[in-house]
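Asks: For reference, the file entry-v1.cif (mmCIF, C-alpha atoms and all ligand atoms) is included below:
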```cif
data_coords
loop_
_atom_site.label_atom_id
_atom_site.label_comp_id
_atom_site.auth_asym_id
_atom_site.auth_seq_id
_atom_site.Cartn_x
_atom_site.Cartn_y
_atom_site.Cartn_z
CA MET A 27 10.44 -11.72 -26.10
CA LYS A 28 10.90 -7.96 -26.08
CA VAL A 29 10.22 -6.36 -22.73
CA ILE A 30 9.18 -2.71 -22.42
CA ILE A 31 9.65 -1.01 -19.05
CA PRO A 32 8.33 2.57 -18.86
CA VAL A 33 10.25 4.57 -16.25
CA ALA A 34 9.87 8.11 -17.57
CA GLY A 35 7.38 9.44 -14.98
CA VAL A 36 8.22 12.19 -12.50
CA GLY A 37 6.70 10.36 -9.51
CA THR A 38 4.82 13.27 -7.97
CA ARG A 39 3.19 11.08 -5.32
CA LEU A 40 6.58 10.23 -3.90
CA ARG A 41 7.85 13.74 -3.46
CA PRO A 42 10.12 14.91 -1.87
CA HIS A 43 12.08 11.69 -2.57
CA THR A 44 11.60 11.98 -6.32
CA LEU A 45 12.81 15.58 -6.43
CA THR A 46 16.39 14.32 -6.34
CA GLN A 47 16.03 10.75 -7.62
CA PRO A 48 13.86 8.99 -10.18
CA LYS A 49 11.19 6.89 -8.47
CA VAL A 50 12.50 3.55 -9.77
CA LEU A 51 15.84 4.13 -8.04
CA LEU A 52 14.29 4.57 -4.60
CA ASN A 53 15.47 1.87 -2.25
CA VAL A 54 13.16 -0.88 -1.03
CA ALA A 55 14.54 -3.67 1.19
CA GLY A 56 18.13 -2.93 0.18
CA HIS A 57 17.87 -2.39 -3.58
CA PRO A 58 16.36 0.21 -5.91
CA MET A 59 12.90 -1.01 -6.91
CA ILE A 60 13.91 -1.46 -10.58
CA TYR A 61 16.62 -3.94 -9.51
CA TYR A 62 14.06 -6.60 -8.61
CA ILE A 63 12.30 -6.47 -11.98
CA VAL A 64 15.46 -6.54 -14.07
CA ASP A 65 17.14 -9.20 -11.94
CA GLU A 66 14.13 -11.50 -12.39
CA LEU A 67 13.98 -10.92 -16.16
CA ILE A 68 17.67 -11.67 -16.59
CA LYS A 69 17.81 -14.64 -14.19
CA LYS A 70 14.79 -16.32 -15.74
CA LYS A 71 16.04 -15.50 -19.26
CA ILE A 72 12.66 -14.06 -20.21
CA ALA A 73 13.86 -11.24 -22.44
CA ASP A 74 15.77 -11.11 -25.74
CA SER A 75 15.85 -7.39 -25.23
CA ILE A 76 14.83 -4.99 -22.48
CA ILE A 77 13.71 -1.56 -23.62
CA PHE A 78 13.47 1.22 -21.04
CA ILE A 79 11.32 4.23 -21.81
CA THR A 80 13.09 7.02 -19.99
CA GLY A 81 12.41 10.71 -19.41
CA TYR A 82 12.66 12.22 -15.93
CA LYS A 83 16.25 11.78 -14.65
CA ALA A 84 17.02 9.36 -17.48
CA GLU A 85 20.78 9.61 -17.02
CA ASP A 86 20.62 8.42 -13.40
CA ILE A 87 18.58 5.37 -14.41
CA GLU A 88 20.88 4.45 -17.31
CA LYS A 89 23.96 4.87 -15.16
CA TYR A 90 22.57 2.63 -12.42
CA LEU A 91 21.39 -0.12 -14.78
CA ASN A 92 24.56 -0.18 -16.87
CA LYS A 93 26.71 -0.33 -13.74
CA THR A 94 24.64 -3.00 -11.96
CA PHE A 95 23.83 -5.53 -14.68
CA LYS A 96 25.97 -7.13 -17.36
CA TYR A 97 23.32 -6.68 -20.02
CA LYS A 98 22.93 -4.50 -23.07
CA PHE A 99 19.76 -2.51 -22.40
CA ASP A 100 17.94 -0.36 -24.95
CA TYR A 101 16.83 3.11 -23.96
CA VAL A 102 14.26 5.25 -25.76
CA GLU A 103 13.44 8.75 -24.59
CA GLN A 104 9.84 9.82 -24.02
CA LYS A 105 10.19 13.52 -24.75
CA GLU A 106 6.87 14.56 -23.23
CA MET A 107 5.12 12.78 -20.35
CA LEU A 108 1.79 12.21 -22.09
CA GLY A 109 0.79 8.99 -20.35
CA LEU A 110 1.58 5.31 -20.26
CA GLY A 111 0.14 4.58 -23.71
CA HIS A 112 2.32 7.31 -25.18
CA ALA A 113 5.35 5.92 -23.30
CA VAL A 114 4.81 2.43 -24.74
CA LEU A 115 4.48 3.83 -28.27
CA CYS A 116 8.03 5.19 -27.92
CA ALA A 117 9.26 1.56 -28.11
CA LYS A 118 7.79 1.12 -31.60
CA GLU A 119 11.12 1.84 -33.32
CA LYS A 120 12.62 -1.24 -31.61
CA PHE A 121 10.01 -3.61 -33.07
CA ASP A 122 9.77 -5.18 -36.51
CA PRO A 123 6.21 -4.54 -37.80
CA ILE A 124 6.48 -7.40 -40.29
CA LYS A 125 7.38 -9.96 -37.60
CA ASN A 126 4.61 -8.62 -35.32
CA GLU A 127 6.62 -9.61 -32.27
CA ASP A 128 5.25 -10.28 -28.77
CA ALA A 129 5.78 -7.58 -26.17
CA LEU A 130 5.82 -7.88 -22.41
CA ILE A 131 5.17 -4.53 -20.72
CA ILE A 132 6.05 -4.14 -17.04
CA LEU A 133 5.64 -0.90 -15.12
CA GLY A 134 8.91 0.19 -13.55
CA ASP A 135 7.39 1.05 -10.18
CA THR A 136 5.52 -2.21 -9.62
CA LEU A 137 7.01 -5.46 -8.39
CA PHE A 138 5.37 -8.82 -8.89
CA ASP A 139 5.71 -12.03 -6.99
CA VAL A 140 4.67 -14.14 -9.99
CA ASP A 141 6.33 -16.55 -12.36
CA LEU A 142 6.83 -14.46 -15.47
CA LYS A 143 7.60 -17.64 -17.42
CA ASP A 144 4.03 -18.69 -16.83
CA ILE A 145 2.56 -15.46 -18.23
CA VAL A 146 4.69 -15.44 -21.36
CA LYS A 147 3.47 -18.94 -22.22
CA SER A 148 -0.06 -17.61 -22.79
CA LYS A 149 -1.55 -18.25 -26.22
CA TYR A 150 -3.46 -14.95 -26.04
CA SER A 151 -2.58 -11.45 -24.95
CA ALA A 152 -2.71 -11.60 -21.13
CA ILE A 153 -3.30 -8.82 -18.63
CA GLY A 154 -2.22 -9.10 -15.00
CA VAL A 155 -5.17 -8.36 -12.68
CA LYS A 156 -6.04 -8.43 -9.00
CA LYS A 157 -9.35 -7.96 -7.20
CA VAL A 158 -9.45 -4.64 -5.34
CA ASP A 159 -11.94 -2.88 -3.05
CA ASP A 160 -11.62 0.48 -4.77
CA PRO A 161 -11.64 -0.03 -8.57
CA LYS A 162 -12.00 3.66 -9.41
CA ARG A 163 -8.28 4.23 -8.77
CA PHE A 164 -7.32 1.71 -11.46
CA GLY A 165 -7.87 0.45 -14.97
CA VAL A 166 -10.35 -2.44 -14.73
CA VAL A 167 -11.48 -5.29 -16.96
CA GLU A 168 -14.78 -6.97 -17.74
CA THR A 169 -14.63 -10.63 -18.78
CA ASN A 170 -17.12 -13.03 -20.35
CA LYS A 171 -17.91 -16.60 -19.30
CA LYS A 172 -15.15 -17.98 -21.50
CA GLY A 173 -12.62 -15.84 -19.64
CA PHE A 174 -11.94 -13.35 -22.45
CA ILE A 175 -11.83 -9.66 -21.69
CA THR A 176 -14.78 -7.84 -23.23
CA ARG A 177 -14.05 -4.32 -22.01
CA PHE A 178 -11.28 -2.19 -20.52
CA VAL A 179 -12.21 0.88 -18.48
CA GLU A 180 -9.58 3.28 -17.18
CA LYS A 181 -10.39 4.70 -13.72
CA PRO A 182 -14.19 4.12 -13.68
CA ALA A 183 -15.92 7.20 -12.23
CA SER A 184 -17.38 5.23 -9.29
CA PRO A 185 -17.51 1.61 -8.07
CA ASP A 186 -21.15 1.52 -9.28
CA VAL A 187 -20.19 2.06 -12.92
CA SER A 188 -17.11 -0.15 -12.76
CA PRO A 189 -17.53 -3.29 -14.90
CA SER A 190 -15.77 -5.35 -12.19
CA ASN A 191 -13.36 -5.06 -9.29
CA GLU A 192 -10.50 -6.67 -11.21
CA ALA A 193 -7.81 -4.03 -11.43
CA ILE A 194 -5.02 -4.00 -14.01
CA VAL A 195 -1.79 -4.29 -12.03
CA GLY A 196 0.85 -3.22 -14.55
CA ILE A 197 1.98 -6.34 -16.36
CA TYR A 198 0.80 -6.86 -19.93
CA LEU A 199 1.63 -9.58 -22.44
CA ILE A 200 0.75 -8.32 -25.91
CA LYS A 201 0.73 -10.93 -28.70
CA ASN A 202 0.13 -8.41 -31.45
CA SER A 203 2.52 -5.50 -30.93
CA THR A 204 1.82 -3.98 -34.36
CA LEU A 205 -1.87 -3.69 -33.48
CA LEU A 206 -0.98 -2.25 -30.08
CA PHE A 207 1.19 0.49 -31.62
CA ASN A 208 -1.48 1.22 -34.25
CA SER A 209 -4.13 1.45 -31.54
CA ILE A 210 -2.05 3.87 -29.46
CA GLU A 211 -1.53 5.98 -32.59
CA HIS A 212 -5.30 5.87 -33.13
CA ILE A 213 -6.08 7.20 -29.63
CA ILE A 214 -3.45 9.92 -30.00
CA LYS A 215 -4.76 10.96 -33.42
CA ASN A 216 -8.32 11.08 -32.06
CA LYS A 217 -7.25 12.71 -28.79
CA ILE A 218 -8.79 9.93 -26.70
CA THR A 219 -7.50 10.58 -23.19
CA THR A 220 -8.41 9.64 -19.63
CA LYS A 221 -7.44 12.11 -16.90
CA GLY A 222 -5.60 14.04 -19.60
CA GLU A 223 -3.24 11.19 -20.56
CA TYR A 224 -2.97 8.68 -23.41
CA GLN A 225 -3.64 5.43 -21.58
CA ILE A 226 -2.65 1.94 -22.62
CA THR A 227 -6.06 0.78 -21.37
CA ASP A 228 -7.85 2.97 -23.92
CA ALA A 229 -5.60 1.56 -26.67
CA MET A 230 -6.36 -2.02 -25.61
CA GLU A 231 -10.07 -1.21 -25.76
CA VAL A 232 -9.47 -0.25 -29.41
CA MET A 233 -7.65 -3.59 -29.90
CA ILE A 234 -10.70 -5.51 -28.62
CA HIS A 235 -12.78 -3.81 -31.32
CA GLN A 236 -10.16 -5.07 -33.80
CA ASN A 237 -10.84 -8.63 -32.53
CA GLU A 238 -7.69 -9.03 -30.45
CA LYS A 239 -8.31 -11.68 -27.77
CA PHE A 240 -7.23 -10.87 -24.22
CA VAL A 241 -7.32 -13.09 -21.14
CA THR A 242 -6.60 -12.17 -17.53
CA TYR A 243 -3.76 -13.48 -15.40
CA GLN A 244 -4.35 -13.42 -11.64
CA VAL A 245 -1.52 -11.72 -9.79
CA ASP A 246 -1.71 -12.15 -6.03
CA GLY A 247 1.76 -10.86 -5.33
CA TRP A 248 1.26 -7.31 -6.56
CA LEU A 249 3.71 -4.94 -4.90
CA ASP A 250 3.03 -1.34 -5.82
CA CYS A 251 5.76 1.18 -5.01
CA GLY A 252 3.95 4.30 -6.27
CA LYS A 253 3.40 6.05 -2.94
CA HIS A 254 4.70 6.29 0.63
CA GLU A 255 2.41 3.66 2.21
CA THR A 256 2.67 1.11 -0.60
CA MET A 257 6.46 1.45 -0.69
CA LEU A 258 6.53 0.52 2.99
CA GLU A 259 4.16 -2.40 2.38
CA THR A 260 6.42 -3.64 -0.42
CA ASN A 261 9.46 -3.20 1.82
CA GLN A 262 7.77 -5.38 4.45
CA TYR A 263 6.81 -8.04 1.90
CA LEU A 264 10.34 -8.28 0.48
CA LEU A 265 11.98 -8.32 3.93
CA ASN A 266 9.73 -11.20 4.96
CA LYS A 267 10.97 -13.19 1.97
CA LYS A 268 14.68 -12.44 2.49
CA LYS A 269 15.09 -13.82 6.04
CA ASN A 270 18.35 -11.88 6.71
CA LYS A 271 20.16 -12.37 10.04
CA TYR A 272 22.43 -9.83 11.78
CA SER A 273 24.18 -9.43 15.07
CA PHE A 274 24.84 -5.98 16.56
CA LYS A 275 26.14 -5.89 20.12
CA GLY A 276 24.08 -3.67 22.41
CA SER A 277 21.17 -3.36 19.96
CA LYS A 278 18.07 -5.46 19.49
CA ILE A 279 16.96 -6.60 16.05
CA ASN A 280 13.28 -7.42 15.54
CA TYR A 281 13.08 -9.31 12.25
CA PRO A 282 12.46 -8.93 9.41
CA VAL A 283 15.02 -6.25 8.65
CA PHE A 284 17.68 -5.39 6.10
CA ILE A 285 20.89 -3.77 7.31
CA GLY A 286 23.47 -2.70 4.73
CA LYS A 287 27.26 -2.43 4.89
CA ASP A 288 29.20 -0.18 7.29
CA VAL A 289 26.19 0.50 9.51
CA THR A 290 26.79 1.53 13.13
CA LEU A 291 24.08 0.79 15.69
CA GLU A 292 24.46 1.88 19.30
CA ASN A 293 21.73 1.03 21.82
CA CYS A 294 18.96 0.70 19.22
CA ILE A 295 15.87 -1.35 18.54
CA ILE A 296 15.65 -1.99 14.81
CA GLY A 297 12.56 -3.50 13.19
CA PRO A 298 10.35 -5.10 12.50
CA ASN A 299 10.12 -4.14 8.82
CA ALA A 300 13.04 -1.74 8.78
CA THR A 301 15.56 -1.22 5.98
CA ILE A 302 18.76 0.51 7.06
CA ASN A 303 21.04 1.14 4.09
CA ASP A 304 24.84 1.34 3.84
CA GLY A 305 26.81 3.75 5.97
CA CYS A 306 24.04 4.75 8.42
CA PHE A 307 24.85 5.74 12.00
CA ILE A 308 22.01 5.17 14.47
CA LYS A 309 22.20 5.71 18.22
CA ASN A 310 19.67 5.46 21.09
CA SER A 311 16.81 5.06 18.64
CA ILE A 312 13.92 2.83 17.67
CA ILE A 313 13.29 2.31 13.94
CA GLU A 314 10.21 0.40 12.86
CA ASN A 315 8.45 -0.11 9.52
CA SER A 316 10.69 2.42 7.77
CA ILE A 317 13.32 2.77 5.06
CA VAL A 318 16.45 4.74 5.94
CA ASP A 319 18.62 5.44 2.91
CA VAL A 320 22.43 5.52 2.77
CA ASN A 321 24.68 7.53 5.08
CA SER A 322 21.91 8.86 7.30
CA HIS A 323 22.45 9.76 10.93
CA ILE A 324 19.71 9.20 13.52
CA GLU A 325 20.02 9.86 17.24
CA ASN A 326 17.64 9.78 20.23
CA SER A 327 14.62 9.24 17.99
CA ILE A 328 11.62 6.97 17.55
CA ILE A 329 10.98 6.56 13.83
CA LYS A 330 7.96 4.64 12.54
CA ASP A 331 6.29 4.33 9.11
CA SER A 332 8.89 6.70 7.64
CA LEU A 333 10.98 7.19 4.52
CA ILE A 334 14.30 8.89 5.28
CA GLY A 335 16.33 10.01 2.26
CA LYS A 336 20.11 9.65 1.78
CA HIS A 337 22.54 11.68 3.90
CA SER A 338 19.80 12.89 6.28
CA LYS A 339 20.19 13.82 9.91
CA VAL A 340 17.42 13.20 12.43
CA ILE A 341 18.01 14.18 16.04
CA GLN A 342 15.46 13.81 18.83
CA LYS A 343 12.31 13.21 16.79
CA GLN A 344 9.27 11.05 17.39
CA ASN A 345 7.37 11.39 14.15
CA VAL A 346 6.30 9.74 10.97
CA LEU A 347 8.77 11.33 8.57
CA SER A 348 9.07 11.63 4.82
CA LEU A 349 12.43 13.29 4.39
CA GLY A 350 14.11 13.99 1.09
CA GLU A 351 17.87 13.45 0.85
CA HIS A 352 20.32 15.74 2.68
CA SER A 353 17.53 16.87 5.07
CA GLU A 354 18.08 17.73 8.68
CA VAL A 355 15.45 17.71 11.45
P1 LIG A 401 2.55 6.50 -12.78
O1 LIG A 401 1.17 6.59 -13.28
O2 LIG A 401 2.74 5.97 -11.40
O3 LIG A 401 3.23 7.94 -12.92
O4 LIG A 401 3.37 5.66 -13.83
P2 LIG A 401 4.52 8.52 -12.22
O5 LIG A 401 4.94 9.78 -12.86
O6 LIG A 401 5.58 7.45 -12.14
O7 LIG A 401 4.06 8.81 -10.71
P3 LIG A 401 2.95 9.86 -10.15
O8 LIG A 401 1.62 9.33 -10.55
O9 LIG A 401 3.29 11.21 -10.71
O10 LIG A 401 3.19 9.80 -8.67
C1 LIG A 401 3.48 4.24 -13.81
C2 LIG A 401 4.74 3.86 -14.57
O11 LIG A 401 4.66 4.35 -15.92
C3 LIG A 401 5.73 5.24 -16.22
C4 LIG A 401 6.25 5.69 -14.86
O12 LIG A 401 7.62 6.04 -14.93
C5 LIG A 401 6.00 4.48 -13.97
O13 LIG A 401 7.05 3.54 -14.04
N1 LIG A 401 5.22 6.35 -17.08
C6 LIG A 401 4.06 6.98 -16.77
C7 LIG A 401 5.96 6.74 -18.16
O14 LIG A 401 7.04 6.15 -18.47
N2 LIG A 401 5.51 7.79 -18.94
C8 LIG A 401 4.35 8.43 -18.68
O15 LIG A 401 3.99 9.37 -19.44
C9 LIG A 401 3.61 8.01 -17.56
#
```
Take the structure in this file and express it as structure tokens.

Replies:
Amino acid sequence: MKVIIPVAGVGTRLRPHTLTQPKVLLNVAGHPMIYYIVDELIKKKIADSIIFITGYKAEDIEKYLNKTFKYKFDYVEQKEMLGLGHAVLCAKEKFDPIKNEDALIILGDTLFDVDLKDIVKSKYSAIGVKKVDDPKRFGVVETNKKGFITRFVEKPASPDVSPSNEAIVGIYLIKNSTLLFNSIEHIIKNKITTKGEYQITDAMEVMIHQNEKFVTYQVDGWLDCGKHETMLETNQYLLNKKKNKYSFKGSKINYPVFIGKDVTLENCIIGPNATINDGCFIKNSIIENSIVDVNSHIENSIIKDSLIGKHSKVIQKQNVLSLGEHSEV
């Protein structure tokens, strides 16, 4: 199975953090978000090859992956950020059109608590979905009584015109990669865009008209990391699974938390749902539902629902903060 992971995006919704780091390297519960996806793929031996579509801060991503995993990754550059469909098409050169190989596409900023082995067993192309209250923010699917997808709609204009509330969550098993690449080329040639981008959803709609059969795969554990609030929700979810235990004299730990190496805590209350990464120094402070990245210094502060970038300094604050690295408040 060839796995395609698009990670080229600039991550505007996570600024200022993504001004200095690519989104997929932002830390959640002690690891960069991309770690969890790759670790699972390698551990479960799902992939024969893992192809990253890189663009924004590509070098940082390659350096991290090559240093962290003993695995020979493939990298293809997306030269212009023209949308997810366009990103996936960049992987075409790694596929053999005669063999018409299967492709598993996983978005680099989305974690899944699912058994990938189960999805890849599917006889048909399978699209990960989850019921949502607000379908207009997502690509959605319409299915028939037999369970086959009859229509894909990218970001329906309103819930009233949405064919369902089953949102596409960012995991796609494609049984006919040649048809997928041809369909993306078709939408590009005909300038079929949604919100100005070439979308994979629009290409899959073309595939349905070419008689490709798609089924849905229910994904309950969908952990989006695309924006501040969802990153914190994902942090909480992962911390709850890890069940770490720590002992820091003079400080109280309210689990779940992650505390990295060489962390100093003096008279603090940490957690619940706090990630404190390596080398942080925290004194007389309360940190709750937040991610504090490496080598940050916090004193006399109450920090909740915050993302604090690397090497930051926070003195005497009681705010929700979103601080890029090397900031000082
Ligand atoms: P998003 O739609 O979240 O875009 O992409 P983004 O740039 O990462 O973030 P925002 O919307 O500006 O905040 C979902 C996934 O698809 C990749 C992204 O890197 C991310 O992993 N992607 C998106 C590409 O590789 N290329 C694209 O042209 C668009």

Asks: So that I can check the surroundings of segment 235-250 of chain A, please list as a list in words every protein, DNA and RNA residue that reaches within 7 Å of it, counting all atoms listed in the file and ignoring chain neighbours fewer than 5 positions away.

Replies: Asp135, Thr136, Leu137, Phe138, Asp139, Val140, Tyr150, Ser151, Ala152, Ile153, Gly154, Val155, Lys156, Gly173, Phe174, Ile175, Val195, Thr256, Met257 and Thr260 of chain A

Asks: Just to confirm, what's the straight-line distance from atom CA of Val179 of chain A to atom C4 of ligand LIG 401 (chain A) in Å (one decimal)?

Replies: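 Distance reported for this atom pair: 19.4 Å.
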
Asks: Name the residues, by chain letter and number, that sit within 8 Å of ligand LIG 401 (chain A) using only C-alpha atoms and all ligand atoms, and give them as an mmCIF file with C-alpha atoms, in the frame of the given file.

Replies:
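Result file is pocket.cif:
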```
data_model
loop_
_atom_site.group_PDB
_atom_site.id
_atom_site.type_symbol
_atom_site.label_atom_id
_atom_site.label_comp_id
_atom_site.auth_asym_id
_atom_site.auth_seq_id
_atom_site.Cartn_x
_atom_site.Cartn_y
_atom_site.Cartn_z
ATOM 1 C CA ILE A 31 9.650 -1.010 -19.050
ATOM 2 C CA PRO A 32 8.330 2.570 -18.860
ATOM 3 C CA VAL A 33 10.250 4.570 -16.250
ATOM 4 C CA ALA A 34 9.870 8.110 -17.570
ATOM 5 C CA GLY A 35 7.380 9.440 -14.980
ATOM 6 C CA VAL A 36 8.220 12.190 -12.500
ATOM 7 C CA GLY A 37 6.700 10.360 -9.510
ATOM 8 C CA THR A 38 4.820 13.270 -7.970
ATOM 9 C CA ARG A 39 3.190 11.080 -5.320
ATOM 10 C CA LEU A 40 6.580 10.230 -3.900
ATOM 11 C CA LYS A 49 11.190 6.890 -8.470
ATOM 12 C CA VAL A 50 12.500 3.550 -9.770
ATOM 13 C CA ILE A 79 11.320 4.230 -21.810
ATOM 14 C CA THR A 80 13.090 7.020 -19.990
ATOM 15 C CA GLY A 81 12.410 10.710 -19.410
ATOM 16 C CA GLN A 104 9.840 9.820 -24.020
ATOM 17 C CA GLU A 106 6.870 14.560 -23.230
ATOM 18 C CA MET A 107 5.120 12.780 -20.350
ATOM 19 C CA LEU A 108 1.790 12.210 -22.090
ATOM 20 C CA GLY A 109 0.790 8.990 -20.350
ATOM 21 C CA LEU A 110 1.580 5.310 -20.260
ATOM 22 C CA GLY A 111 0.140 4.580 -23.710
ATOM 23 C CA HIS A 112 2.320 7.310 -25.180
ATOM 24 C CA ALA A 113 5.350 5.920 -23.300
ATOM 25 C CA VAL A 114 4.810 2.430 -24.740
ATOM 26 C CA LEU A 133 5.640 -0.900 -15.120
ATOM 27 C CA GLY A 134 8.910 0.190 -13.550
ATOM 28 C CA ASP A 135 7.390 1.050 -10.180
ATOM 29 C CA THR A 136 5.520 -2.210 -9.620
ATOM 30 C CA GLY A 196 0.850 -3.220 -14.550
ATOM 31 C CA GLU A 223 -3.240 11.190 -20.560
ATOM 32 C CA GLY A 252 3.950 4.300 -6.270
ATOM 33 C CA LYS A 253 3.400 6.050 -2.940
#
```

Asks: Neighbouring residues of segment 158-161 of chain A were defined as those with any atom within 8 Å, considering only C-alpha atoms; residues of the same chain fewer than 5 positions away were excluded. Please report them as a list in words.

Replies: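 Residues near the query, excluding close chain neighbours: Val166, Lys181, Pro182, Ser184, Pro185, Ser188, Ser190, Asn191, Glu192 and Ala193 of chain A.
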
Asks: Find the spatial neighbours of Val232 of chain A, counting all atoms listed in the file, within a cut-off of 10 Å - ignore same-chain residues fewer than 2 positions away - and output them as an MDAnalysis selection string.

Replies: chainID A and resid 177:178 205:206 208:210 212:213 226:230 234:238

Asks: Taking (5.9, -1.6, 7.2) in the coordinates of the supplied file, I want to know which residues reach to within 6 Å of it, counting all atoms listed in the file; could you give the answer as a list in words?

Replies: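 Residues lying no farther than 6 Å from the given point: Leu258, Glu259, Gln262, Asn299 and Asn315 of chain A.
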
Asks: Would you please work out which residue, of A:Lys70, A:Lys28, A:Asn202, A:Val146, is nearest to Ala117 of chain A when using only C-alpha atoms?

Replies: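 For Ala117 of chain A, the nearest of the given residues is A:Lys28.
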
Asks: Which residues, written as number ranges by chain, have at least one atom at most 12 Å from segment 286-298 of chain A, with only C-alpha atoms counted and residues fewer than 4 positions away on the same chain left out?

Replies: A: 53-57, 258, 261-263, 265-266, 269-282, 302-331

Asks: Rounded to one decimal, what separation in Å do you get between atom CA of Lys71 of chain A and atom CA of Phe99 of chain A?

Replies: 13.9 Å
